[in-house]
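Pasting work.pdb here (PDB, C-alpha atoms and all ligand atoms):
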```pdb
ATOM      1  CA  MET A  10      -6.818  25.099  10.913
ATOM      2  CA  ARG A  11      -7.502  25.126   7.200
ATOM      3  CA  GLN A  12      -7.458  28.430   5.387
ATOM      4  CA  LYS A  13     -10.917  29.522   4.189
ATOM      5  CA  ILE A  14     -10.684  30.879   0.669
ATOM      6  CA  VAL A  15     -13.046  32.539  -1.779
ATOM      7  CA  ALA A  16     -11.488  32.874  -5.226
ATOM      8  CA  GLY A  17     -13.064  34.660  -8.173
ATOM      9  CA  ASN A  18     -12.164  33.312 -11.605
ATOM     10  CA  TRP A  19     -12.756  36.139 -14.062
ATOM     11  CA  LYS A  20     -11.824  33.933 -17.039
ATOM     12  CA  MET A  21     -11.500  35.933 -20.298
ATOM     13  CA  ASN A  22     -13.677  38.849 -19.276
ATOM     14  CA  LYS A  23     -13.370  42.612 -18.623
ATOM     15  CA  THR A  24     -11.312  45.418 -20.126
ATOM     16  CA  LEU A  25      -8.643  47.101 -18.015
ATOM     17  CA  ASP A  26     -10.976  49.846 -16.797
ATOM     18  CA  GLU A  27     -13.711  47.357 -15.971
ATOM     19  CA  ALA A  28     -11.234  45.101 -14.212
ATOM     20  CA  ASN A  29      -9.874  47.934 -12.073
ATOM     21  CA  THR A  30     -13.403  49.036 -11.211
ATOM     22  CA  LEU A  31     -14.420  45.523 -10.184
ATOM     23  CA  ALA A  32     -11.312  45.038  -8.063
ATOM     24  CA  SER A  33     -11.729  48.413  -6.316
ATOM     25  CA  GLU A  34     -15.382  47.700  -5.614
ATOM     26  CA  VAL A  35     -14.544  44.318  -4.117
ATOM     27  CA  LEU A  36     -11.751  45.875  -2.096
ATOM     28  CA  GLY A  37     -14.043  48.648  -0.874
ATOM     29  CA  MET A  38     -16.801  46.263   0.099
ATOM     30  CA  VAL A  39     -14.798  43.575   1.797
ATOM     31  CA  ALA A  40     -11.634  45.192   3.104
ATOM     32  CA  ASP A  41     -13.045  45.845   6.532
ATOM     33  CA  GLU A  42     -15.516  43.026   6.659
ATOM     34  CA  VAL A  43     -13.648  39.924   5.563
ATOM     35  CA  LYS A  44     -13.014  37.777   8.585
ATOM     36  CA  SER A  45      -9.322  37.547   9.314
ATOM     37  CA  GLU A  46      -9.211  33.805   8.626
ATOM     38  CA  VAL A  47     -10.702  34.240   5.132
ATOM     39  CA  LYS A  48      -8.538  34.822   2.081
ATOM     40  CA  VAL A  49      -9.983  36.394  -1.067
ATOM     41  CA  ILE A  50      -8.219  35.686  -4.361
ATOM     42  CA  LEU A  51      -8.930  37.433  -7.682
ATOM     43  CA  CYS A  52      -7.911  35.267 -10.659
ATOM     44  CA  THR A  53      -7.558  37.959 -13.289
ATOM     45  CA  PRO A  54      -6.455  37.822 -16.922
ATOM     46  CA  PHE A  55      -2.659  38.185 -17.326
ATOM     47  CA  PRO A  56      -2.631  41.820 -18.552
ATOM     48  CA  TYR A  57      -4.323  43.069 -15.365
ATOM     49  CA  LEU A  58      -2.414  41.149 -12.715
ATOM     50  CA  LEU A  59       0.098  43.882 -11.997
ATOM     51  CA  SER A  60      -2.292  46.812 -11.995
ATOM     52  CA  ILE A  61      -4.760  44.996  -9.770
ATOM     53  CA  LYS A  62      -2.011  43.852  -7.487
ATOM     54  CA  ASN A  63      -0.921  47.491  -7.150
ATOM     55  CA  LEU A  64      -4.488  48.590  -6.616
ATOM     56  CA  LEU A  65      -4.898  46.112  -3.754
ATOM     57  CA  GLY A  66      -1.763  47.567  -2.168
ATOM     58  CA  ASN A  67      -0.621  45.897   0.993
ATOM     59  CA  ASN A  68      -4.025  44.516   1.889
ATOM     60  CA  THR A  69      -3.243  41.038   3.146
ATOM     61  CA  LYS A  70      -6.764  39.657   2.847
ATOM     62  CA  ILE A  71      -7.043  39.985  -0.944
ATOM     63  CA  SER A  72      -4.517  38.616  -3.443
ATOM     64  CA  VAL A  73      -4.308  38.125  -7.177
ATOM     65  CA  SER A  74      -3.884  34.826  -9.002
ATOM     66  CA  ALA A  75      -3.020  33.996 -12.592
ATOM     67  CA  GLN A  76      -5.348  31.641 -14.472
ATOM     68  CA  ASN A  77      -2.613  29.623 -16.158
ATOM     69  CA  LEU A  78       1.158  29.387 -16.589
ATOM     70  CA  SER A  79       3.656  27.698 -18.879
ATOM     71  CA  GLU A  80       5.234  24.392 -17.939
ATOM     72  CA  HIS A  81       8.521  25.726 -19.359
ATOM     73  CA  GLU A  82      11.086  27.865 -17.551
ATOM     74  CA  ALA A  83      11.784  30.397 -20.318
ATOM     75  CA  GLY A  84      12.656  30.667 -23.972
ATOM     76  CA  ALA A  85      11.092  30.357 -27.391
ATOM     77  CA  TYR A  86       7.471  29.743 -26.392
ATOM     78  CA  THR A  87       5.634  32.586 -28.096
ATOM     79  CA  GLY A  88       2.551  33.715 -26.237
ATOM     80  CA  GLU A  89       3.290  31.840 -23.023
ATOM     81  CA  VAL A  90       3.750  33.248 -19.508
ATOM     82  CA  SER A  91       6.269  31.703 -17.139
ATOM     83  CA  ALA A  92       6.240  31.086 -13.409
ATOM     84  CA  ALA A  93       9.303  33.333 -13.062
ATOM     85  CA  MET A  94       7.421  36.194 -14.749
ATOM     86  CA  LEU A  95       4.478  35.768 -12.407
ATOM     87  CA  LYS A  96       6.773  35.603  -9.414
ATOM     88  CA  SER A  97       8.624  38.740 -10.551
ATOM     89  CA  ILE A  98       5.389  40.764 -10.336
ATOM     90  CA  GLY A  99       4.493  39.282  -6.965
ATOM     91  CA  VAL A 100       1.795  36.812  -7.984
ATOM     92  CA  ALA A 101       1.385  34.165  -5.280
ATOM     93  CA  TYR A 102      -1.285  31.880  -6.796
ATOM     94  CA  VAL A 103      -2.083  30.281 -10.139
ATOM     95  CA  LEU A 104      -4.989  28.167 -11.363
ATOM     96  CA  VAL A 105      -3.788  24.856 -12.769
ATOM     97  CA  GLY A 106      -5.986  22.390 -14.620
ATOM     98  CA  HIS A 107      -9.221  24.316 -14.852
ATOM     99  CA  SER A 108     -11.639  22.151 -16.834
ATOM    100  CA  GLU A 109     -11.692  24.741 -19.633
ATOM    101  CA  ARG A 110      -7.917  24.300 -19.997
ATOM    102  CA  ARG A 111      -8.331  20.527 -19.986
ATOM    103  CA  GLN A 112     -11.201  20.625 -22.464
ATOM    104  CA  TYR A 113     -10.270  23.379 -24.943
ATOM    105  CA  PHE A 114      -6.489  23.328 -24.701
ATOM    106  CA  GLY A 115      -5.920  19.605 -24.301
ATOM    107  CA  GLU A 116      -4.142  19.900 -20.953
ATOM    108  CA  ASP A 117      -3.711  16.440 -19.474
ATOM    109  CA  SER A 118      -2.587  15.141 -16.097
ATOM    110  CA  ALA A 119       1.079  14.815 -17.073
ATOM    111  CA  LEU A 120       1.239  18.406 -18.317
ATOM    112  CA  LEU A 121      -0.604  19.645 -15.226
ATOM    113  CA  ALA A 122       1.894  17.848 -12.984
ATOM    114  CA  LYS A 123       4.647  19.861 -14.704
ATOM    115  CA  LYS A 124       2.713  23.092 -14.224
ATOM    116  CA  VAL A 125       2.213  22.296 -10.534
ATOM    117  CA  ASP A 126       5.953  21.627 -10.206
ATOM    118  CA  ILE A 127       7.121  24.797 -11.900
ATOM    119  CA  ALA A 128       4.697  26.943  -9.920
ATOM    120  CA  LEU A 129       5.941  25.449  -6.640
ATOM    121  CA  LYS A 130       9.559  25.778  -7.734
ATOM    122  CA  HIS A 131       8.988  29.528  -8.053
ATOM    123  CA  GLY A 132       7.122  29.832  -4.771
ATOM    124  CA  ILE A 133       3.663  30.154  -6.318
ATOM    125  CA  SER A 134       0.774  28.134  -4.865
ATOM    126  CA  PRO A 135      -1.167  26.175  -7.474
ATOM    127  CA  ILE A 136      -4.946  26.119  -7.176
ATOM    128  CA  PHE A 137      -5.339  22.672  -8.679
ATOM    129  CA  CYS A 138      -8.722  22.061 -10.301
ATOM    130  CA  CYS A 139     -10.329  18.670 -10.766
ATOM    131  CA  GLY A 140     -13.826  17.472 -11.547
ATOM    132  CA  GLU A 141     -15.851  15.124 -13.697
ATOM    133  CA  PRO A 142     -17.932  15.725 -16.839
ATOM    134  CA  LEU A 143     -21.658  14.936 -16.834
ATOM    135  CA  GLU A 144     -21.417  11.551 -18.535
ATOM    136  CA  VAL A 145     -18.930  10.358 -15.934
ATOM    137  CA  ARG A 146     -21.201  11.500 -13.104
ATOM    138  CA  GLU A 147     -24.148   9.775 -14.756
ATOM    139  CA  SER A 148     -22.256   6.524 -15.091
ATOM    140  CA  ASN A 149     -21.175   6.836 -11.455
ATOM    141  CA  GLY A 150     -17.477   7.081 -12.298
ATOM    142  CA  HIS A 151     -16.919  10.488 -10.686
ATOM    143  CA  GLU A 152     -15.083   9.355  -7.577
ATOM    144  CA  GLU A 153     -12.631   7.220  -9.538
ATOM    145  CA  LEU A 154     -11.970   9.916 -12.128
ATOM    146  CA  VAL A 155     -11.361  12.715  -9.633
ATOM    147  CA  LYS A 156      -9.097  10.487  -7.526
ATOM    148  CA  LYS A 157      -7.139   9.694 -10.678
ATOM    149  CA  GLN A 158      -6.839  13.390 -11.593
ATOM    150  CA  VAL A 159      -5.538  14.211  -8.120
ATOM    151  CA  GLU A 160      -3.175  11.251  -8.083
ATOM    152  CA  GLU A 161      -1.699  11.853 -11.538
ATOM    153  CA  SER A 162      -0.925  15.531 -11.026
ATOM    154  CA  LEU A 163      -0.221  15.788  -7.293
ATOM    155  CA  PHE A 164       0.931  12.484  -5.812
ATOM    156  CA  HIS A 165       4.546  12.952  -6.904
ATOM    157  CA  LEU A 166       4.827  15.923  -4.515
ATOM    158  CA  SER A 167       6.449  15.772  -1.109
ATOM    159  CA  ALA A 168       4.225  16.490   1.885
ATOM    160  CA  ASP A 169       5.850  19.918   2.254
ATOM    161  CA  GLU A 170       5.063  20.715  -1.359
ATOM    162  CA  LEU A 171       1.486  19.487  -1.072
ATOM    163  CA  LYS A 172       0.925  21.846   1.860
ATOM    164  CA  LYS A 173       1.283  24.764  -0.575
ATOM    165  CA  VAL A 174      -1.390  23.425  -2.943
ATOM    166  CA  ILE A 175      -5.041  24.438  -2.872
ATOM    167  CA  VAL A 176      -7.463  21.965  -4.455
ATOM    168  CA  ALA A 177     -10.656  23.047  -6.228
ATOM    169  CA  TYR A 178     -13.329  20.450  -6.974
ATOM    170  CA  GLU A 179     -15.374  21.673  -9.906
ATOM    171  CA  PRO A 180     -17.831  19.235 -11.476
ATOM    172  CA  VAL A 181     -17.775  20.185 -15.164
ATOM    173  CA  TRP A 182     -21.562  19.859 -15.432
ATOM    174  CA  ALA A 183     -21.965  22.599 -12.842
ATOM    175  CA  ILE A 184     -19.591  25.148 -14.392
ATOM    176  CA  GLY A 185     -21.417  28.076 -15.969
ATOM    177  CA  THR A 186     -24.615  26.052 -16.181
ATOM    178  CA  GLY A 187     -26.483  27.442 -13.202
ATOM    179  CA  LYS A 188     -26.762  23.827 -12.068
ATOM    180  CA  THR A 189     -24.830  23.555  -8.847
ATOM    181  CA  ALA A 190     -23.918  20.375  -7.032
ATOM    182  CA  SER A 191     -26.067  19.885  -3.953
ATOM    183  CA  SER A 192     -24.252  20.523  -0.711
ATOM    184  CA  GLN A 193     -24.386  16.759  -0.075
ATOM    185  CA  GLN A 194     -22.777  15.994  -3.458
ATOM    186  CA  ALA A 195     -20.093  18.611  -2.797
ATOM    187  CA  GLN A 196     -19.391  17.360   0.728
ATOM    188  CA  ASP A 197     -19.234  13.738  -0.443
ATOM    189  CA  MET A 198     -16.676  14.504  -3.153
ATOM    190  CA  HIS A 199     -14.597  16.770  -0.928
ATOM    191  CA  ALA A 200     -14.458  13.998   1.652
ATOM    192  CA  VAL A 201     -13.392  11.531  -1.060
ATOM    193  CA  ILE A 202     -10.605  13.883  -2.162
ATOM    194  CA  ARG A 203      -9.417  14.503   1.389
ATOM    195  CA  LYS A 204      -9.442  10.785   2.175
ATOM    196  CA  HIS A 205      -7.478  10.104  -0.985
ATOM    197  CA  LEU A 206      -4.905  12.743  -0.031
ATOM    198  CA  ALA A 207      -4.766  11.183   3.444
ATOM    199  CA  SER A 208      -4.046   7.752   1.941
ATOM    200  CA  LYS A 209      -0.761   9.185   0.669
ATOM    201  CA  TYR A 210      -0.007  12.138   2.955
ATOM    202  CA  GLY A 211      -1.693  11.205   6.236
ATOM    203  CA  ALA A 212      -2.659  14.072   8.520
ATOM    204  CA  VAL A 213      -1.310  16.686   6.074
ATOM    205  CA  SER A 214      -4.605  16.259   4.202
ATOM    206  CA  ASP A 215      -6.386  17.941   7.116
ATOM    207  CA  ASP A 216      -4.546  21.156   6.306
ATOM    208  CA  ILE A 217      -5.316  21.277   2.588
ATOM    209  CA  SER A 218      -8.033  23.732   1.583
ATOM    210  CA  ILE A 219     -10.498  22.163  -0.846
ATOM    211  CA  LEU A 220     -12.711  24.691  -2.645
ATOM    212  CA  TYR A 221     -15.966  23.951  -4.409
ATOM    213  CA  GLY A 222     -16.601  25.485  -7.829
ATOM    214  CA  GLY A 223     -19.523  25.336 -10.239
ATOM    215  CA  SER A 224     -22.337  27.896 -10.262
ATOM    216  CA  VAL A 225     -21.610  29.173  -6.762
ATOM    217  CA  GLY A 226     -23.809  32.201  -6.140
ATOM    218  CA  ALA A 227     -25.047  34.381  -3.316
ATOM    219  CA  ALA A 228     -28.066  32.081  -2.905
ATOM    220  CA  ASN A 229     -26.225  28.761  -2.467
ATOM    221  CA  ALA A 230     -22.822  29.767  -1.055
ATOM    222  CA  LYS A 231     -23.788  29.638   2.602
ATOM    223  CA  GLU A 232     -25.074  26.085   2.436
ATOM    224  CA  LEU A 233     -22.084  24.865   0.413
ATOM    225  CA  PHE A 234     -19.560  26.587   2.683
ATOM    226  CA  ALA A 235     -21.209  25.086   5.754
ATOM    227  CA  CYS A 236     -20.103  21.574   4.685
ATOM    228  CA  ALA A 237     -17.346  20.152   6.837
ATOM    229  CA  ASP A 238     -14.900  19.530   3.998
ATOM    230  CA  VAL A 239     -15.743  22.561   1.854
ATOM    231  CA  ASP A 240     -13.197  25.248   2.694
ATOM    232  CA  GLY A 241     -14.470  27.897   0.326
ATOM    233  CA  GLY A 242     -15.274  28.415  -3.313
ATOM    234  CA  LEU A 243     -13.916  29.045  -6.764
ATOM    235  CA  VAL A 244     -16.484  31.370  -8.282
ATOM    236  CA  GLY A 245     -16.787  32.127 -11.998
ATOM    237  CA  GLY A 246     -19.788  34.086 -13.285
ATOM    238  CA  ALA A 247     -20.811  35.538  -9.935
ATOM    239  CA  SER A 248     -17.306  36.916  -9.335
ATOM    240  CA  LEU A 249     -17.791  39.369 -12.214
ATOM    241  CA  LYS A 250     -20.345  41.356 -10.208
ATOM    242  CA  SER A 251     -18.909  42.968  -7.111
ATOM    243  CA  ARG A 252     -22.144  42.804  -5.147
ATOM    244  CA  ASP A 253     -22.721  39.097  -5.805
ATOM    245  CA  PHE A 254     -19.097  38.253  -5.133
ATOM    246  CA  THR A 255     -18.984  40.141  -1.857
ATOM    247  CA  GLU A 256     -22.220  38.467  -0.743
ATOM    248  CA  ILE A 257     -20.524  35.133  -1.386
ATOM    249  CA  ILE A 258     -17.438  36.215   0.547
ATOM    250  CA  LYS A 259     -19.531  37.336   3.468
ATOM    251  CA  SER A 260     -21.381  34.051   3.601
ATOM    252  CA  ILE A 261     -18.280  32.065   4.503
TER     253      ILE A 261
HETATM  254  P1  LIG A 301     -19.080  29.321 -12.578
HETATM  255  O1  LIG A 301     -17.559  28.968 -12.928
HETATM  256  O2  LIG A 301     -19.112  29.825 -11.166
HETATM  257  O3  LIG A 301     -19.465  30.387 -13.578
HETATM  258  O4  LIG A 301     -19.869  28.079 -12.751
HETATM  259  C1  LIG A 301     -16.721  28.376 -11.990
HETATM  260  C2  LIG A 301     -15.357  28.142 -12.585
HETATM  261  O5  LIG A 301     -15.278  27.823 -13.775
HETATM  262  O6  LIG A 301     -14.323  28.271 -11.904
END
```
Go through the file and emit its structure as structure tokens.
Ligand code: PGA
Amino acid sequence: MRQKIVAGNWKMNKTLDEANTLASEVLGMVADEVKSEVKVILCTPFPYLLSIKNLLGNNTKISVSAQNLSEHEAGAYTGEVSAAMLKSIGVAYVLVGHSERRQYFGEDSALLAKKVDIALKHGISPIFCCGEPLEVRESNGHEELVKKQVEESLFHLSADELKKVIVAYEPVWAIGTGKTASSQQAQDMHAVIRKHLASKYGAVSDDISILYGGSVGAANAKELFACADVDGGLVGGASLKSRDFTEIIKSI
């Protein structure tokens, strides 16, 4: 059975105190209530990963994730954070290829393939993000583009490696815009992604969690999560408020 996941992407928000408060509130609200098959992941800024990891203690339902990592092992790369560093503080997940990284930091498929590789090499599961901008959706090129993104950054993996990857479909036009994909649009694209994974990896694709991201909120989460191929969500804005985020978690 596929793992159900609700991940909160805090992006570049919160001070340390605010971050600790948010994490403790989420922990307090969901610790006893999260269904055992649901995994909650907090994608925090780098400086807070360790303190929030410590705050979560040995709770197995909630984990931390980094939002990015370097494609390099180590060395003279000022300002970068390596997979080995993340691993050394016990981080088990990392976002790779979020559309903001693609758009503002010029990260392309070849670079993202390297980031996926180095994360896996260090035993960290990449949460690989893909999704089309508005003009591509409007010209009906979304399926082709997303398939290409998946292919170019993931299809070099072995089936055993792919099993450790989580995919997040995030249409760029829905991120931070309040304009969410309809549950039909989400289901259709998730099915396209799963079928594409199946074309290369066969039945392994049935075990890959595919999350939907883009203006997920307490009001639309239930309907989105009810779709057959939607295995959870990657939540931005609404993950910054503990009440909204826990409502979303509870709706899975
Ligand atoms: P949003 O962001 O929920 O604020 O639209 C989602 C994301 O960027 O991961």
The centre and edge lengths of an axis-aligned box containing all atoms of ligand LIG 301 (chain A) present in the file, extended by 3 Å on each side, are to be given in Å to one decimal, as AutoDock Vina command-line options.
```
--center_x -17.1 --center_y 29.1 --center_z -12.5 --size_x 11.5 --size_y 8.6 --size_z 8.6
```
**Study point:** Within 8 Å of range 120-127 of chain A using all atoms listed in the file, minus same-chain residues under 5 positions, as a list in words
**Key:**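 The residues satisfying every condition are Leu78, Ser79, Glu80, His81, Glu82, Ala92, Val105, Gly106, Pro135, Phe137, Glu161, Ser162 and Leu163 of chain A.
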Practice item. Counting all atoms listed in the file, figure out which residue out of A:Ile258, A:Val181, A:Ile133, A:Ala40 gets nearest to ligand LIG 301 (chain A). Key: A:Val181
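Contact shell of Leu249 in chain A at 12 Å (all atoms listed in the file; same-chain neighbours under 6 positions omitted): Ala16, Gly17, Asn18, Trp19, Lys20, Met21, Asn22, Lys23, Thr24, Glu27, Ala28, Asn29, Thr30, Leu31, Ala32, Glu34, Val35, Leu51, Cys52, Thr53, Gly226, Thr255 and Ile257 of chain A.
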Practice item. Quick one: pull the distance between CA of Lys231 in chain A and CA of Thr186 in chain A, Å, one decimal. Key: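 If I compute the distance from CA of Lys231 in chain A to CA of Thr186 in chain A, I get 19.1 Å.
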Exercise for review: May I have the residues within 8 Å of ligand LIG 301 (chain A), computed using all atoms listed in the file, as a ChimeraX atom specification?
Suggested key: /A:17-18,20,107-109,179,183-187,189,222-226,243-248
Check your understanding: What is the CA of Val43 in chain A to CA of Arg11 in chain A distance in Å?
Key ->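 So the two atoms, CA of Val43 in chain A and CA of Arg11 in chain A, lie 16.1 Å apart.
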Check your understanding: Of the residues A:Ser45, A:Asn149, A:Asn77, A:Met198, which is the one nearest to Phe114 in chain A, using all atoms listed in the file?
Key -> A:Asn77
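You can rank A:Val201, A:Cys236, A:Ala177, A:Ala119 by their closest distance to His165 in chain A using all atoms listed in the file, and at the top of that list sits A:Ala119.
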Practice item. Grab the CA of Asp117 in chain A to CA of Ser134 in chain A distance for me, in Å with one decimal place. Key: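 Computed distance, CA of Asp117 in chain A to CA of Ser134 in chain A, equals 19.2 Å.
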Review point. Counting all atoms listed in the file, which residues come within 6 Å of (1.6, 20.4, 5.7), with the point read in the file's coordinates, and could you list them as a list in words?
Key: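 Answer for this query, in the requested form: Asp169, Lys172 and Val213 of chain A.
For the choices A:Gly132, A:Gly140, A:Gly211, A:Gly37, the atom-to-atom distance to Leu65 in chain A is smallest for A:Gly37 when using only C-alpha atoms.
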Practice item. Check what the PyMOL selection byres (((chain A and resi 99) around 12) and not hetatm) selects in the file above and give those residues as number ranges by chain. Key: A: 58-63, 66-67, 72-75, 92-98, 100-103, 131-134
Review point. List as JSON, numbers by chain: which residues have an atom within 12 Å of (-7.1, 17.4, 6.2), counting only C-alpha atoms?
Key: {"A": [10, 11, 12, 171, 172, 175, 176, 199, 200, 201, 202, 203, 204, 205, 206, 207, 208, 209, 210, 211, 212, 213, 214, 215, 216, 217, 218, 219, 237, 238, 239, 240]}
**Study point:** Residue among A:Leu233, A:Ala85, A:Ile50, A:Ile261 lying closest to Lys13 in chain A, counting all atoms listed in the file
**Key:** A:Ile261
Check your understanding: Which residue out of A:Leu129, A:Asp41, A:Ser118, A:Lys173 has the minimum interatomic distance to Glu160 in chain A when all atoms listed in the file are used?
Key ->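 Of all the options, A:Ser118 lies closest to Glu160 in chain A.
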